[in-house]
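J.: Got a structure here, written out as structure tokens. Questions coming.
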Amino acid sequence: MSEFTSHERPACEVCHGTGATLVEKYTRSQWPVVACNTCGFVYLGRVPDYDDLSVNLAWEKTVPEERERRKKANKLARFDALTRFRLKFGKIVDRVRHTRAVPATGRVLEIGCGPSTRIPEGPTPYGIEISEGLTKRARPVFEGRGGTVYHAPATTGIEKFPDDFEHEAQPRLILERAFKRLKPGGTILLRSPNYNSANRFIMGSEWCGFRFPDHVNYFTPRSLKALAASVGYEFRWMNWFSLFDDNLIVELKKPVRRAVKQELAAIAAE
């Protein structure tokens, strides 16, 4: 992987702390897994540049290689692969969540859409995808419903948006930009590997949430809530009851009350 261009992350995205400790048992090759000395947030200390994430490390290219590596790793990893049918129930629950959360009309943006969309019928879907290949595959699906898909690294004005939150080396910047654009009461549905999941403790270094080097953030409910709250969001953990769910699914909402206070202050100042 030495041919990939990479850079070091200067500080923790959750608390801005500059000191971190290497988590040796999870570190592989040139990609150090570190834990912030101040808040405990776990992340990759060195990350690939966006150009490589877009092409050389695109999801559709790294998944087959990672799947094959895990089959050869240990018996637990092979057992996990053979019992992936259990995740079908989770997908059914996800579809119900999406249907309830998405408005019946208007425009909905899906960040990290992949080759298709999870946005239910009704609103006009728009997507952002970092993989060049998956963007091409998804575009006819979105355009068939009146929307479109943007290839993140090449699109002016949104080039810093991630395909998924675990891939984004600057998650704070993403949430800050989104906060400015959201209407009061507007929400973000966010999914990311849950570093506190039971499966991570069982599988250890072979946990499916570890994908190097394209997964660069390993949030827990606590660290993601701290990051979101520091930006101004209200935080709701949606799948807290799913003991063996590897993902953390949350709703981030821009408060209505803050907007009301701002309007009242503006009126009072007139």
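Chain lettering (A, B, ...) mirrors the order of the structure tokens, residue numbering begins at 1 for each chain separately, and ligand numbering begins at 1 in order of display.
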Excluding same-chain residues fewer than 6 positions from region 199-216 of chain A, what lies within 6 Å of it counting only C-alpha atoms, as JSON, numbers by chain?
T.: {"A": [26, 43, 44, 166, 167, 193]}
J.: Taking C-alpha atoms for each residue, export the selection above as a PDB file, in the first residue's frame.
T.:
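Okay, again.pdb is ready:
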```pdb
ATOM      1  CA  TYR A  26      -5.840  -3.463  15.846  1.00  0.00           C
ATOM      2  CA  TYR A  43      -9.460   6.563  14.644  1.00  0.00           C
ATOM      3  CA  LEU A  44      -6.772   6.028  12.022  1.00  0.00           C
ATOM      4  CA  GLU A 166     -16.543   6.253   8.731  1.00  0.00           C
ATOM      5  CA  HIS A 167     -14.599   7.214   5.585  1.00  0.00           C
ATOM      6  CA  PRO A 193     -19.613   1.115  12.542  1.00  0.00           C
TER       7      PRO A 193
END
```
J.: Within 12 Å of region 100-121 of chain A, which residues of region 160-259 of chain A come that close, and what is the closest atom pair and distance in Å for each? Count only C-alpha atoms and give it as JSON lines.
T.:
```
{"residue": "A:Lys160", "atom": "CA", "partner": "A:Ile111", "partner_atom": "CA", "distance": 11.4}
{"residue": "A:Phe161", "atom": "CA", "partner": "A:Ile111", "partner_atom": "CA", "distance": 7.7}
{"residue": "A:Pro162", "atom": "CA", "partner": "A:Gly112", "partner_atom": "CA", "distance": 6.8}
{"residue": "A:Asp163", "atom": "CA", "partner": "A:Gly112", "partner_atom": "CA", "distance": 3.6}
{"residue": "A:Asp164", "atom": "CA", "partner": "A:Gly112", "partner_atom": "CA", "distance": 4.9}
{"residue": "A:Phe165", "atom": "CA", "partner": "A:Gly112", "partner_atom": "CA", "distance": 8.3}
{"residue": "A:Glu166", "atom": "CA", "partner": "A:Gly112", "partner_atom": "CA", "distance": 10.4}
{"residue": "A:His167", "atom": "CA", "partner": "A:Gly112", "partner_atom": "CA", "distance": 9.6}
{"residue": "A:Glu168", "atom": "CA", "partner": "A:Gly112", "partner_atom": "CA", "distance": 10.8}
{"residue": "A:Ile174", "atom": "CA", "partner": "A:Ile111", "partner_atom": "CA", "distance": 10.9}
{"residue": "A:Ala178", "atom": "CA", "partner": "A:Leu109", "partner_atom": "CA", "distance": 10.9}
{"residue": "A:Arg181", "atom": "CA", "partner": "A:Leu109", "partner_atom": "CA", "distance": 11.8}
{"residue": "A:Leu182", "atom": "CA", "partner": "A:Leu109", "partner_atom": "CA", "distance": 11.2}
{"residue": "A:Gly186", "atom": "CA", "partner": "A:Pro103", "partner_atom": "CA", "distance": 10.6}
{"residue": "A:Thr187", "atom": "CA", "partner": "A:Ala101", "partner_atom": "CA", "distance": 8.7}
{"residue": "A:Ile188", "atom": "CA", "partner": "A:Leu109", "partner_atom": "CA", "distance": 9.2}
{"residue": "A:Leu189", "atom": "CA", "partner": "A:Ala101", "partner_atom": "CA", "distance": 8.2}
{"residue": "A:Leu190", "atom": "CA", "partner": "A:Ile111", "partner_atom": "CA", "distance": 9.0}
{"residue": "A:Arg191", "atom": "CA", "partner": "A:Gly112", "partner_atom": "CA", "distance": 10.0}
{"residue": "A:Ser192", "atom": "CA", "partner": "A:Gly112", "partner_atom": "CA", "distance": 11.1}
{"residue": "A:Met238", "atom": "CA", "partner": "A:Ala101", "partner_atom": "CA", "distance": 11.1}
{"residue": "A:Val250", "atom": "CA", "partner": "A:Ala101", "partner_atom": "CA", "distance": 11.3}
{"residue": "A:Glu251", "atom": "CA", "partner": "A:Ala101", "partner_atom": "CA", "distance": 9.1}
{"residue": "A:Leu252", "atom": "CA", "partner": "A:Ala101", "partner_atom": "CA", "distance": 11.5}
{"residue": "A:Lys253", "atom": "CA", "partner": "A:Ala101", "partner_atom": "CA", "distance": 11.6}
```
J.: I'd like the interatomic distance between CA of Leu134 (chain A) and CA of Ile249 (chain A), to a tenth of an Å.
T.: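 Between CA of Leu134 (chain A) and CA of Ile249 (chain A) the gap is 22.9 Å.
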J.: Could you tell me how far CA of Arg172 (chain A) sits from CA of Glu13 (chain A), in Å to one decimal place?
T.: 6.1 Å
J.: Which residues, written as a list of chain:residue names, have at least one atom at most 8 Å from Thr220 (chain A), with only C-alpha atoms counted and residues fewer than 3 positions away on the same chain left out?
T.: A:Phe41, A:Asn194, A:Tyr195, A:Asn196, A:Ser223, A:Leu224, A:Leu248
J.: Leaving out Thr18 (chain A) and any residue of its chain fewer than 3 positions from it, which residues lie within 10 Å of it when counting only C-alpha atoms, given as a list of chain:residue names?
T.: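 The contact residues come out as A:Arg9, A:Pro10, A:Ala11, A:Cys12, A:Glu13, A:Cys15, A:Cys36, A:Asn37, A:Thr38.
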J.: For Arg139 (chain A), find every residue with an atom within 12 Å (counting only C-alpha atoms), except residues of its own chain fewer than 5 positions away, and show them as a ChimeraX atom specification.
T.: /A:113-117,125-129,132-134,144-151
J.: Rounded to one decimal, what separation in Å do you get between CA of Gly40 (chain A) and CA of Leu227 (chain A)?
T.: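 Computing it gives 12.4 Å between the two atoms.
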